Structure formats: C-alpha cells, structure tokens
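Asks: Structure file entry-v5.pdb, PDB, C-alpha atoms, pLDDT in the B column, is pasted below:
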```
ATOM      1  CA  MET Y 644       1.978  24.675  14.238  1.00 52.00           C
ATOM      2  CA  GLU Y 645      -1.253  22.744  13.817  1.00 64.00           C
ATOM      3  CA  THR Y 646      -1.098  19.168  12.618  1.00 80.00           C
ATOM      4  CA  LEU Y 647      -2.524  18.929   9.134  1.00 93.00           C
ATOM      5  CA  GLU Y 648      -4.498  15.786   8.412  1.00 96.00           C
ATOM      6  CA  LEU Y 649      -5.892  14.385   5.204  1.00 97.00           C
ATOM      7  CA  LYS Y 650      -7.996  11.268   4.711  1.00 97.00           C
ATOM      8  CA  ALA Y 651      -7.309   8.870   1.847  1.00 97.00           C
ATOM      9  CA  THR Y 652      -8.598   5.551   0.569  1.00 96.00           C
ATOM     10  CA  VAL Y 653      -6.847   2.810  -1.379  1.00 95.00           C
ATOM     11  CA  ARG Y 654      -7.691   3.178  -5.053  1.00 92.00           C
ATOM     12  CA  ASP Y 655      -9.259   0.339  -7.017  1.00 87.00           C
ATOM     13  CA  LEU Y 656      -7.019  -0.068 -10.063  1.00 85.00           C
ATOM     14  CA  GLY Y 657      -9.873  -1.782 -11.864  1.00 83.00           C
ATOM     15  CA  LYS Y 658     -11.714   1.538 -12.125  1.00 84.00           C
ATOM     16  CA  PRO Y 659     -10.585   4.270 -14.543  1.00 87.00           C
ATOM     17  CA  VAL Y 660      -9.131   7.409 -12.937  1.00 86.00           C
ATOM     18  CA  ALA Y 661     -11.524   9.539 -14.991  1.00 87.00           C
ATOM     19  CA  SER Y 662     -14.401   8.004 -13.050  1.00 88.00           C
ATOM     20  CA  ALA Y 663     -12.766   8.871  -9.724  1.00 87.00           C
ATOM     21  CA  ARG Y 664     -12.202  12.466 -10.820  1.00 90.00           C
ATOM     22  CA  LYS Y 665     -15.867  12.820 -11.824  1.00 90.00           C
ATOM     23  CA  GLN Y 666     -16.818  11.690  -8.325  1.00 92.00           C
ATOM     24  CA  GLY Y 667     -14.642  14.415  -6.778  1.00 93.00           C
ATOM     25  CA  PHE Y 668     -11.488  12.429  -6.021  1.00 95.00           C
ATOM     26  CA  VAL Y 669      -7.856  13.002  -6.970  1.00 95.00           C
ATOM     27  CA  PRO Y 670      -5.773   9.895  -7.838  1.00 95.00           C
ATOM     28  CA  ALA Y 671      -2.591   9.717  -5.756  1.00 96.00           C
ATOM     29  CA  GLU Y 672       0.517   7.632  -5.143  1.00 96.00           C
ATOM     30  CA  LEU Y 673       2.263   7.031  -1.837  1.00 96.00           C
ATOM     31  CA  TYR Y 674       5.935   6.091  -1.934  1.00 95.00           C
ATOM     32  CA  GLY Y 675       9.129   6.576   0.069  1.00 91.00           C
ATOM     33  CA  HIS Y 676      12.468   5.075   1.066  1.00 81.00           C
ATOM     34  CA  ASN Y 677      11.927   1.364   1.804  1.00 83.00           C
ATOM     35  CA  VAL Y 678       8.181   1.966   1.492  1.00 84.00           C
ATOM     36  CA  PRO Y 679       6.051  -0.006  -0.989  1.00 88.00           C
ATOM     37  CA  ASN Y 680       3.988   2.110  -3.365  1.00 92.00           C
ATOM     38  CA  VAL Y 681       0.302   2.435  -2.524  1.00 94.00           C
ATOM     39  CA  HIS Y 682      -2.320   3.627  -5.019  1.00 95.00           C
ATOM     40  CA  LEU Y 683      -4.660   6.091  -3.314  1.00 96.00           C
ATOM     41  CA  GLN Y 684      -7.319   8.691  -3.866  1.00 96.00           C
ATOM     42  CA  VAL Y 685      -8.162  11.783  -1.826  1.00 97.00           C
ATOM     43  CA  ALA Y 686     -11.200  14.062  -1.846  1.00 96.00           C
ATOM     44  CA  GLN Y 687     -10.569  17.005  -4.181  1.00 94.00           C
ATOM     45  CA  ASN Y 688     -11.926  19.729  -1.875  1.00 95.00           C
ATOM     46  CA  GLU Y 689     -10.177  18.388   1.234  1.00 96.00           C
ATOM     47  CA  PHE Y 690      -6.858  18.055  -0.555  1.00 96.00           C
ATOM     48  CA  GLU Y 691      -7.027  21.624  -1.883  1.00 94.00           C
ATOM     49  CA  LYS Y 692      -7.621  22.955   1.654  1.00 95.00           C
ATOM     50  CA  VAL Y 693      -4.644  21.070   3.081  1.00 96.00           C
ATOM     51  CA  PHE Y 694      -2.362  21.903   0.156  1.00 94.00           C
ATOM     52  CA  ARG Y 695      -3.025  25.637   0.522  1.00 92.00           C
ATOM     53  CA  LYS Y 696      -1.721  25.439   4.094  1.00 92.00           C
ATOM     54  CA  ALA Y 697       1.005  22.835   3.715  1.00 92.00           C
ATOM     55  CA  GLY Y 698       2.506  23.460   0.312  1.00 91.00           C
ATOM     56  CA  GLU Y 699       5.327  21.001  -0.355  1.00 89.00           C
ATOM     57  CA  SER Y 700       7.347  21.673   2.797  1.00 89.00           C
ATOM     58  CA  THR Y 701       5.059  20.758   5.697  1.00 92.00           C
ATOM     59  CA  ILE Y 702       4.481  17.297   7.154  1.00 94.00           C
ATOM     60  CA  VAL Y 703       0.922  16.051   6.649  1.00 96.00           C
ATOM     61  CA  SER Y 704      -0.674  13.167   8.546  1.00 96.00           C
ATOM     62  CA  LEU Y 705      -2.215  11.035   5.794  1.00 97.00           C
ATOM     63  CA  ASP Y 706      -4.930   8.827   7.300  1.00 97.00           C
ATOM     64  CA  ILE Y 707      -5.408   5.907   4.919  1.00 96.00           C
ATOM     65  CA  GLU Y 708      -8.604   3.932   5.471  1.00 95.00           C
ATOM     66  CA  GLY Y 709      -7.789   0.393   6.579  1.00 92.00           C
ATOM     67  CA  VAL Y 710      -4.044   1.102   6.668  1.00 91.00           C
ATOM     68  CA  GLY Y 711      -3.449   3.803   9.257  1.00 94.00           C
ATOM     69  CA  LYS Y 712      -1.723   7.169   9.462  1.00 95.00           C
ATOM     70  CA  ARG Y 713       1.447   7.997   7.572  1.00 95.00           C
ATOM     71  CA  SER Y 714       3.638  11.102   7.868  1.00 95.00           C
ATOM     72  CA  VAL Y 715       4.071  12.476   4.357  1.00 96.00           C
ATOM     73  CA  LEU Y 716       5.147  15.437   2.287  1.00 95.00           C
ATOM     74  CA  ILE Y 717       3.059  16.520  -0.681  1.00 95.00           C
ATOM     75  CA  HIS Y 718       5.837  15.858  -3.142  1.00 88.00           C
ATOM     76  CA  ASP Y 719       4.376  16.537  -6.560  1.00 88.00           C
ATOM     77  CA  VAL Y 720       1.046  17.915  -7.767  1.00 93.00           C
ATOM     78  CA  HIS Y 721      -0.096  17.702 -11.374  1.00 90.00           C
ATOM     79  CA  ALA Y 722      -2.629  20.402 -12.170  1.00 89.00           C
ATOM     80  CA  HIS Y 723      -5.258  20.660 -14.908  1.00 83.00           C
ATOM     81  CA  VAL Y 724      -3.880  22.845 -17.698  1.00 81.00           C
ATOM     82  CA  LEU Y 725      -6.984  25.039 -17.974  1.00 80.00           C
ATOM     83  CA  LYS Y 726      -8.754  24.774 -14.621  1.00 80.00           C
ATOM     84  CA  SER Y 727      -5.625  24.641 -12.398  1.00 82.00           C
ATOM     85  CA  HIS Y 728      -7.068  22.121  -9.932  1.00 87.00           C
ATOM     86  CA  ALA Y 729      -5.076  19.016  -8.963  1.00 91.00           C
ATOM     87  CA  ILE Y 730      -5.538  15.937 -11.150  1.00 92.00           C
ATOM     88  CA  HIS Y 731      -2.821  13.741  -9.592  1.00 94.00           C
ATOM     89  CA  VAL Y 732      -0.772  13.856  -6.398  1.00 96.00           C
ATOM     90  CA  ASP Y 733       2.385  12.137  -5.143  1.00 96.00           C
ATOM     91  CA  PHE Y 734       2.873  11.732  -1.392  1.00 97.00           C
ATOM     92  CA  TYR Y 735       6.354  10.992  -0.047  1.00 95.00           C
ATOM     93  CA  GLU Y 736       6.352   9.077   3.238  1.00 95.00           C
ATOM     94  CA  VAL Y 737       9.066  10.216   5.643  1.00 94.00           C
ATOM     95  CA  ASN Y 738      10.730   8.445   8.538  1.00 93.00           C
ATOM     96  CA  MET Y 739      10.336  10.814  11.481  1.00 92.00           C
ATOM     97  CA  LYS Y 740      13.644   9.527  12.926  1.00 94.00           C
ATOM     98  CA  GLU Y 741      15.695  10.102   9.774  1.00 94.00           C
ATOM     99  CA  THR Y 742      16.868  13.417   8.339  1.00 95.00           C
ATOM    100  CA  LEU Y 743      15.496  14.438   4.983  1.00 94.00           C
ATOM    101  CA  GLN Y 744      16.579  16.836   2.278  1.00 94.00           C
ATOM    102  CA  THR Y 745      13.935  19.058   0.746  1.00 94.00           C
ATOM    103  CA  THR Y 746      13.240  22.590  -0.453  1.00 94.00           C
ATOM    104  CA  VAL Y 747      11.626  25.295   1.661  1.00 95.00           C
ATOM    105  CA  GLN Y 748       9.930  28.430   0.345  1.00 95.00           C
ATOM    106  CA  LEU Y 749      11.266  31.884   1.260  1.00 97.00           C
ATOM    107  CA  GLU Y 750       8.925  34.502   2.706  1.00 97.00           C
ATOM    108  CA  PHE Y 751      10.039  38.115   2.201  1.00 97.00           C
ATOM    109  CA  VAL Y 752       9.052  40.509   5.000  1.00 97.00           C
ATOM    110  CA  GLY Y 753       9.664  44.151   5.829  1.00 96.00           C
ATOM    111  CA  GLU Y 754      10.119  47.186   3.589  1.00 96.00           C
ATOM    112  CA  ALA Y 755      13.418  48.117   1.962  1.00 97.00           C
ATOM    113  CA  PRO Y 756      14.381  51.816   2.340  1.00 97.00           C
ATOM    114  CA  ALA Y 757      16.052  51.629  -1.078  1.00 95.00           C
ATOM    115  CA  VAL Y 758      12.630  50.848  -2.528  1.00 94.00           C
ATOM    116  CA  LYS Y 759      10.551  53.301  -0.490  1.00 93.00           C
ATOM    117  CA  ALA Y 760      12.934  56.260  -0.464  1.00 94.00           C
ATOM    118  CA  LEU Y 761      15.045  55.748  -3.586  1.00 93.00           C
ATOM    119  CA  GLY Y 762      12.459  54.287  -5.949  1.00 93.00           C
ATOM    120  CA  GLY Y 763      14.327  51.036  -6.460  1.00 93.00           C
ATOM    121  CA  VAL Y 764      12.755  47.725  -7.418  1.00 94.00           C
ATOM    122  CA  LEU Y 765      13.108  44.591  -5.272  1.00 95.00           C
ATOM    123  CA  VAL Y 766      14.396  41.667  -7.329  1.00 95.00           C
ATOM    124  CA  LYS Y 767      13.951  38.216  -5.787  1.00 97.00           C
ATOM    125  CA  THR Y 768      16.598  36.021  -7.372  1.00 97.00           C
ATOM    126  CA  LEU Y 769      15.751  33.018  -5.202  1.00 97.00           C
ATOM    127  CA  THR Y 770      12.368  31.880  -3.896  1.00 96.00           C
ATOM    128  CA  GLU Y 771      13.311  28.592  -2.227  1.00 96.00           C
ATOM    129  CA  VAL Y 772      16.344  26.918  -0.686  1.00 97.00           C
ATOM    130  CA  GLU Y 773      17.359  23.339   0.009  1.00 97.00           C
ATOM    131  CA  VAL Y 774      17.708  22.242   3.619  1.00 97.00           C
ATOM    132  CA  GLU Y 775      18.346  19.116   5.655  1.00 97.00           C
ATOM    133  CA  CYS Y 776      16.674  18.300   8.970  1.00 97.00           C
ATOM    134  CA  LEU Y 777      14.488  15.860  10.838  1.00 96.00           C
ATOM    135  CA  PRO Y 778      10.874  15.940   9.639  1.00 93.00           C
ATOM    136  CA  SER Y 779       9.778  17.323  13.021  1.00 92.00           C
ATOM    137  CA  ASP Y 780      12.123  20.318  12.563  1.00 94.00           C
ATOM    138  CA  LEU Y 781      11.072  21.110   9.007  1.00 94.00           C
ATOM    139  CA  PRO Y 782       9.889  24.758   8.769  1.00 93.00           C
ATOM    140  CA  HIS Y 783       6.949  25.687   6.564  1.00 92.00           C
ATOM    141  CA  ASN Y 784       9.004  28.581   5.198  1.00 94.00           C
ATOM    142  CA  LEU Y 785      12.064  30.684   5.985  1.00 97.00           C
ATOM    143  CA  THR Y 786      11.834  34.436   6.561  1.00 97.00           C
ATOM    144  CA  VAL Y 787      13.939  36.924   4.624  1.00 98.00           C
ATOM    145  CA  ASP Y 788      13.916  40.417   6.172  1.00 97.00           C
ATOM    146  CA  ILE Y 789      14.557  43.104   3.521  1.00 97.00           C
ATOM    147  CA  SER Y 790      14.207  46.092   5.883  1.00 97.00           C
ATOM    148  CA  GLY Y 791      17.990  46.489   6.039  1.00 96.00           C
ATOM    149  CA  MET Y 792      18.385  47.083   2.305  1.00 97.00           C
ATOM    150  CA  ALA Y 793      19.013  50.849   2.324  1.00 97.00           C
ATOM    151  CA  THR Y 794      21.153  51.299  -0.805  1.00 95.00           C
ATOM    152  CA  PHE Y 795      21.429  49.803  -4.279  1.00 94.00           C
ATOM    153  CA  ASP Y 796      24.612  48.053  -3.148  1.00 94.00           C
ATOM    154  CA  ASP Y 797      22.857  46.066  -0.429  1.00 96.00           C
ATOM    155  CA  VAL Y 798      22.152  42.435  -1.275  1.00 97.00           C
ATOM    156  CA  ILE Y 799      20.941  39.391   0.639  1.00 98.00           C
ATOM    157  CA  VAL Y 800      22.629  36.030   0.126  1.00 98.00           C
ATOM    158  CA  VAL Y 801      21.762  32.568   1.397  1.00 98.00           C
ATOM    159  CA  LYS Y 802      24.086  32.762   4.409  1.00 98.00           C
ATOM    160  CA  ASP Y 803      22.097  35.784   5.666  1.00 98.00           C
ATOM    161  CA  ILE Y 804      18.989  33.642   6.209  1.00 98.00           C
ATOM    162  CA  THR Y 805      18.356  32.747   9.842  1.00 97.00           C
ATOM    163  CA  LEU Y 806      17.742  29.022  10.300  1.00 97.00           C
ATOM    164  CA  PRO Y 807      15.674  27.430  13.066  1.00 96.00           C
ATOM    165  CA  LYS Y 808      17.329  24.968  15.423  1.00 96.00           C
ATOM    166  CA  GLY Y 809      17.989  21.586  13.855  1.00 96.00           C
ATOM    167  CA  VAL Y 810      17.937  22.861  10.250  1.00 97.00           C
ATOM    168  CA  THR Y 811      21.058  22.773   8.039  1.00 98.00           C
ATOM    169  CA  MET Y 812      21.319  24.824   4.846  1.00 98.00           C
ATOM    170  CA  LEU Y 813      22.354  22.888   1.739  1.00 98.00           C
ATOM    171  CA  SER Y 814      22.073  25.690  -0.827  1.00 98.00           C
ATOM    172  CA  ASP Y 815      25.224  27.633  -1.738  1.00 98.00           C
ATOM    173  CA  ALA Y 816      25.910  30.130   1.069  1.00 98.00           C
ATOM    174  CA  GLU Y 817      26.986  32.845  -1.384  1.00 98.00           C
ATOM    175  CA  GLU Y 818      24.030  32.489  -3.763  1.00 98.00           C
ATOM    176  CA  MET Y 819      22.099  35.741  -4.076  1.00 98.00           C
ATOM    177  CA  VAL Y 820      18.577  35.842  -2.675  1.00 98.00           C
ATOM    178  CA  ALA Y 821      17.534  39.456  -3.279  1.00 97.00           C
ATOM    179  CA  LYS Y 822      18.862  42.776  -4.554  1.00 96.00           C
ATOM    180  CA  ILE Y 823      17.537  46.274  -5.246  1.00 95.00           C
ATOM    181  CA  GLN Y 824      17.516  47.386  -8.857  1.00 94.00           C
ATOM    182  CA  PRO Y 825      17.918  51.159  -9.441  1.00 92.00           C
ATOM    183  CA  PRO Y 826      15.032  52.924 -11.217  1.00 87.00           C
ATOM    184  CA  ARG Y 827      15.334  52.972 -14.973  1.00 75.00           C
ATOM    185  CA  GLU Y 828      16.979  55.926 -16.696  1.00 38.00           C
ATOM    186  CA  ALA Y 829      14.529  58.659 -17.613  1.00 32.00           C
ATOM    187  CA  GLU Y 830      13.502  58.547 -21.249  1.00 35.00           C
ATOM    188  CA  ALA Y 831      15.116  61.024 -23.615  1.00 37.00           C
ATOM    189  CA  ASP Y 832      13.369  64.399 -23.799  1.00 41.00           C
ATOM    190  CA  LEU Y 833      11.216  64.053 -26.890  1.00 40.00           C
ATOM    191  CA  SER Y 834      10.516  67.821 -26.888  1.00 45.00           C
ATOM    192  CA  SER Y 835      13.931  68.440 -28.484  1.00 50.00           C
ATOM    193  CA  PRO Y 836      13.623  68.289 -32.279  1.00 52.00           C
ATOM    194  CA  VAL Y 837      15.491  65.553 -34.068  1.00 50.00           C
ATOM    195  CA  VAL Y 838      17.544  66.966 -36.954  1.00 49.00           C
ATOM    196  CA  GLU Y 839      18.416  64.627 -39.762  1.00 48.00           C
ATOM    197  CA  ASP Y 840      20.642  65.271 -42.754  1.00 49.00           C
ATOM    198  CA  VAL Y 841      18.220  64.344 -45.512  1.00 43.00           C
ATOM    199  CA  THR Y 842      20.727  65.182 -48.227  1.00 45.00           C
ATOM    200  CA  LYS Y 843      22.115  61.686 -47.773  1.00 43.00           C
ATOM    201  CA  VAL Y 844      18.855  60.297 -49.075  1.00 44.00           C
ATOM    202  CA  ALA Y 845      18.957  59.678 -52.851  1.00 45.00           C
ATOM    203  CA  GLY Y 846      17.134  62.354 -54.871  1.00 45.00           C
ATOM    204  CA  VAL Y 847      17.147  64.993 -52.148  1.00 44.00           C
ATOM    205  CA  VAL Y 848      19.247  68.186 -52.596  1.00 46.00           C
ATOM    206  CA  LYS Y 849      19.688  71.053 -50.146  1.00 44.00           C
ATOM    207  CA  GLU Y 850      17.694  74.167 -51.028  1.00 46.00           C
ATOM    208  CA  GLU Y 851      20.826  76.372 -51.098  1.00 45.00           C
ATOM    209  CA  GLU Y 852      22.454  73.970 -53.553  1.00 46.00           C
ATOM    210  CA  LYS Y 853      19.426  74.412 -55.825  1.00 46.00           C
ATOM    211  CA  SER Y 854      19.860  78.178 -55.609  1.00 46.00           C
ATOM    212  CA  ASP Y 855      23.553  78.003 -56.563  1.00 51.00           C
ATOM    213  CA  ALA Y 856      22.699  75.877 -59.569  1.00 48.00           C
ATOM    214  CA  LYS Y 857      20.465  78.587 -61.054  1.00 48.00           C
TER     215      LYS Y 857
END
```
Could you quickly redo this structure as structure tokens?

Replies:
Amino acid sequence: METLELKATVRDLGKPVASARKQGFVPAELYGHNVPNVHLQVAQNEFEKVFRKAGESTIVSLDIEGVGKRSVLIHDVHAHVLKSHAIHVDFYEVNMKETLQTTVQLEFVGEAPAVKALGGVLVKTLTEVEVECLPSDLPHNLTVDISGMATFDDVIVVKDITLPKGVTMLSDAEEMVAKIQPPREAEADLSSPVVEDVTKVAGVVKEEEKSDAK
C-alpha cells in the first residue's frame, strides 16, 4: 500500500481559526500517548484527498514544517453541517513499535445467492470492528465475502472474518455482521371486496328489517 503523506504547519494561536479557514486551511490538533499536543493547520484540498484514501484506519505520514514527520491516524473529523467539508481535525500520533487498538471498516464483496435467486435483502448489522495490532500491520479495511449466503438461515458473524497476519480481533466473536432478510409478504389482494356489517353503526337498519316493519 502506498504511503500517504500530508503536510502541516504549526498554527499561530494568535490568529482566529475563521481566518485560517478563509485562507483554505483546516485547524488541527496532534496528540498521542506521551506526546505533547501541537496546534496545527493543514491545507483543505490536500487533507480531503488524503482522507478519502485513508479514512480513520490507515497510517498517514504527517510532515510538520519545522518539526518533522509523524506517523498518525486521522482520529476525528468535524464537518461543516451544511457543506460537509472538514472544519477541524484531530491527528493521533502512534508509536510504530507499540500495538494500538482501533476500529477498521468492513468491505462487503461478492453476491449472495439468497439475494439474487430468492429475492432476499442483505442486512449489514455491523460496518466496523475493533482490532489490535502494530501500526505497520493495520489494514485499511477487512473483507467480508457474502457469496456463501445461499439461504435465509445463513449469517456471517465476527469470527468468520479473515484477519491478516499480526491482527487480533477485539470485537465479540459471535456478534452478527450480516444476514439475509426474506422478501416482504405480498400485500393483501385488494380486488376482493371488503364486507362490513354497517348495522352496527348507529342509525343504520338492514333493508329487510325495514320491510318486516311495514
């Protein structure tokens, strides 16, 4: 996998963050275990490019001007409510020699026969799992193959996920990842007339009762 790099500069706390955003920068914080916090800023367009590839589960080489390169995870991204672009970012510096615990996204591949042939609906009950590994072993995602789901009884649980070497699963092994939901029951045939006993409604009398009363 290619090494993702992102340039950053130390942020001047004397300048308002709104000014930095207008100039095309995203305010950021760098922190980590036994690592002093550093106030940073990164170019908006460059960050968006890297984030699309890295997500929150790929090591990024953060090149800080005047400080050097740091191995980080994009730990938290605050997005603009209306425009969706990043307005603040947290970077978590990792020690490449120490294991870390983090979440990894699941990627569903293949085609389930129970969907194609039986008309079922794939339900993804889990989209990420928690793992532990060295930063160098951290996968960008984990693959879930649904091609073996041939009936509505077939399910995939966490323990069915194949892990790369050096990666330990922390999520519950029996937690469900995916299932196939049967197609919904056909709607009732509306062509059949609905017969109601209107005599139970106040003021309504059956026609034959009217005839007997004459």

Asks: For Y:Val772, which residue out of Y:Met819, Y:Ile730, Y:Ala793, Y:Met739 is the nearest one, using all atoms listed in the file?

Replies: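 Checking each of Y:Met819, Y:Ile730, Y:Ala793, Y:Met739 against Y:Val772, counting all atoms listed in the file, the winner is Y:Met819.
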
Asks: In terms of the shortest atom-to-atom distance over all atoms listed in the file, which of Y:Ala755, Y:Val678, Y:Val810, Y:Val685 is closest to Y:Val653?

Replies: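 Of all the options, Y:Val685 lies closest to Y:Val653.
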
Asks: Here's the selection I'm unsure about, the PyMOL selection byres ((chain Y and resi 787) around 7); applied to the file above, which residues does it give, as a VMD selection string?

Replies: chain Y and resid 749 to 752 785 to 786 788 to 789 804

Asks: Taking C-alpha atoms for each residue, export the selection above as a short mmCIF file (atom, residue, chain, number, x, y, z; two decimals), keeping the file's coordinate frame.

Replies:
```
data_model
loop_
_atom_site.label_atom_id
_atom_site.label_comp_id
_atom_site.auth_asym_id
_atom_site.auth_seq_id
_atom_site.Cartn_x
_atom_site.Cartn_y
_atom_site.Cartn_z
CA LEU Y 749 11.27 31.88 1.26
CA GLU Y 750 8.93 34.50 2.71
CA PHE Y 751 10.04 38.12 2.20
CA VAL Y 752 9.05 40.51 5.00
CA LEU Y 785 12.06 30.68 5.98
CA THR Y 786 11.83 34.44 6.56
CA ASP Y 788 13.92 40.42 6.17
CA ILE Y 789 14.56 43.10 3.52
CA ILE Y 804 18.99 33.64 6.21
#
```

Asks: Give me the result of the PyMOL selection byres ((chain Y and resi 798-800) around 10) on this file, residue by residue, as a list in words.

Replies: Val766, Lys767, Thr768, Leu769, Val787, Asp788, Ile789, Gly791, Met792, Ala793, Thr794, Phe795, Asp796, Asp797, Val801, Lys802, Asp803, Ile804, Asp815, Ala816, Glu817, Glu818, Met819, Val820, Ala821, Lys822 and Ile823 of chain Y

Asks: Just the number, please: distance in Å from atom CA of Y:Asn784 to atom CA of Y:Thr770, one decimal.

Replies: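 Going from atom CA of Y:Asn784 over to atom CA of Y:Thr770 covers 10.2 Å.
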
Asks: If you apply the PyMOL selection byres ((chain Y and resi 691-695) around 12) to this file, what residues do you get, as a PDB file with C-alpha atoms, in the frame of the given file?

Replies:
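What follows is the written file expr08.pdb:
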```
ATOM      1  CA  GLU Y 645      -1.253  22.744  13.817  1.00 64.00           C
ATOM      2  CA  THR Y 646      -1.098  19.168  12.618  1.00 80.00           C
ATOM      3  CA  LEU Y 647      -2.524  18.929   9.134  1.00 93.00           C
ATOM      4  CA  GLU Y 648      -4.498  15.786   8.412  1.00 96.00           C
ATOM      5  CA  LEU Y 649      -5.892  14.385   5.204  1.00 97.00           C
ATOM      6  CA  LYS Y 650      -7.996  11.268   4.711  1.00 97.00           C
ATOM      7  CA  GLY Y 667     -14.642  14.415  -6.778  1.00 93.00           C
ATOM      8  CA  PHE Y 668     -11.488  12.429  -6.021  1.00 95.00           C
ATOM      9  CA  VAL Y 669      -7.856  13.002  -6.970  1.00 95.00           C
ATOM     10  CA  VAL Y 685      -8.162  11.783  -1.826  1.00 97.00           C
ATOM     11  CA  ALA Y 686     -11.200  14.062  -1.846  1.00 96.00           C
ATOM     12  CA  GLN Y 687     -10.569  17.005  -4.181  1.00 94.00           C
ATOM     13  CA  ASN Y 688     -11.926  19.729  -1.875  1.00 95.00           C
ATOM     14  CA  GLU Y 689     -10.177  18.388   1.234  1.00 96.00           C
ATOM     15  CA  PHE Y 690      -6.858  18.055  -0.555  1.00 96.00           C
ATOM     16  CA  LYS Y 696      -1.721  25.439   4.094  1.00 92.00           C
ATOM     17  CA  ALA Y 697       1.005  22.835   3.715  1.00 92.00           C
ATOM     18  CA  GLY Y 698       2.506  23.460   0.312  1.00 91.00           C
ATOM     19  CA  GLU Y 699       5.327  21.001  -0.355  1.00 89.00           C
ATOM     20  CA  SER Y 700       7.347  21.673   2.797  1.00 89.00           C
ATOM     21  CA  THR Y 701       5.059  20.758   5.697  1.00 92.00           C
ATOM     22  CA  ILE Y 702       4.481  17.297   7.154  1.00 94.00           C
ATOM     23  CA  VAL Y 703       0.922  16.051   6.649  1.00 96.00           C
ATOM     24  CA  SER Y 704      -0.674  13.167   8.546  1.00 96.00           C
ATOM     25  CA  LEU Y 705      -2.215  11.035   5.794  1.00 97.00           C
ATOM     26  CA  LEU Y 716       5.147  15.437   2.287  1.00 95.00           C
ATOM     27  CA  ILE Y 717       3.059  16.520  -0.681  1.00 95.00           C
ATOM     28  CA  HIS Y 718       5.837  15.858  -3.142  1.00 88.00           C
ATOM     29  CA  ASP Y 719       4.376  16.537  -6.560  1.00 88.00           C
ATOM     30  CA  VAL Y 720       1.046  17.915  -7.767  1.00 93.00           C
ATOM     31  CA  ALA Y 722      -2.629  20.402 -12.170  1.00 89.00           C
ATOM     32  CA  SER Y 727      -5.625  24.641 -12.398  1.00 82.00           C
ATOM     33  CA  HIS Y 728      -7.068  22.121  -9.932  1.00 87.00           C
ATOM     34  CA  ALA Y 729      -5.076  19.016  -8.963  1.00 91.00           C
ATOM     35  CA  ILE Y 730      -5.538  15.937 -11.150  1.00 92.00           C
ATOM     36  CA  HIS Y 731      -2.821  13.741  -9.592  1.00 94.00           C
ATOM     37  CA  VAL Y 732      -0.772  13.856  -6.398  1.00 96.00           C
ATOM     38  CA  PHE Y 734       2.873  11.732  -1.392  1.00 97.00           C
ATOM     39  CA  HIS Y 783       6.949  25.687   6.564  1.00 92.00           C
TER      40      HIS Y 783
END
```

Asks: Please write as a VMD selection string the list of polymer residues whose atoms come within 8 Å of (-5.7, 7.6, -10.1), counting only C-alpha atoms and keeping to the coordinates of the file.

Replies: chain Y and resid 654 656 659 to 661 663 669 to 672 682 to 684 731

Asks: Quick one, how far is atom CA of Y:Ala757 from atom CA of Y:Pro825?

Replies: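 Going from atom CA of Y:Ala757 over to atom CA of Y:Pro825, I get 8.6 Å.
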
Asks: Hey, can I get the axis-aligned box for stretch 715-726 of chain Y? All listed atoms, 5 Å padding on each side, centre and edge lengths in Å to one decimal, as AutoDock Vina command-line options.

Replies:
```
--center_x -1.5 --center_y 18.8 --center_z -6.8 --size_x 24.6 --size_y 22.6 --size_z 32.3
```

Asks: Using all atoms listed in the file, pick whichever of Y:Gln824, Y:Gln744, Y:Ser662, Y:Asn680 has the shortest atom-to-atom distance to Y:Val764.

Replies: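 Looking only at the distances to Y:Val764, the closest residue turns out to be Y:Gln824.
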
Asks: Which residue out of Y:Pro782, Y:Thr652, Y:Gly675, Y:Glu773 has the minimum interatomic distance to Y:Gly711 when all atoms listed in the file are used?

Replies: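 Smallest distance to Y:Gly711 is found for Y:Thr652.
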
Asks: Can you measure atom CA of Y:Asn677 to atom CA of Y:Cys776 for me? One decimal in Å is fine.

Replies: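 Separation between atom CA of Y:Asn677 and atom CA of Y:Cys776: 19.0 Å.
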
Asks: So which residues touch Y:Glu736 within 7 Å, counting all atoms listed in the file, skipping near sequence neighbours fewer than 4 positions away, as a PyMOL selection string?

Replies: chain Y and resi 673-675+713-716

Asks: With distances taken over all atoms listed in the file, which residue among Y:Ala651, Y:Met812, Y:Leu761, Y:Leu781 lies nearest Y:Thr742?

Replies: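 Checking each candidate against Y:Thr742, we get Y:Leu781 as the closest.
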
Asks: Select, from Y:Ile707, Y:Thr745, Y:Tyr735, Y:His723, the residue with the minimum atom-to-atom distance to Y:Pro679, counting all atoms listed in the file.

Replies: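 For Y:Pro679, the nearest of the given residues is Y:Tyr735.
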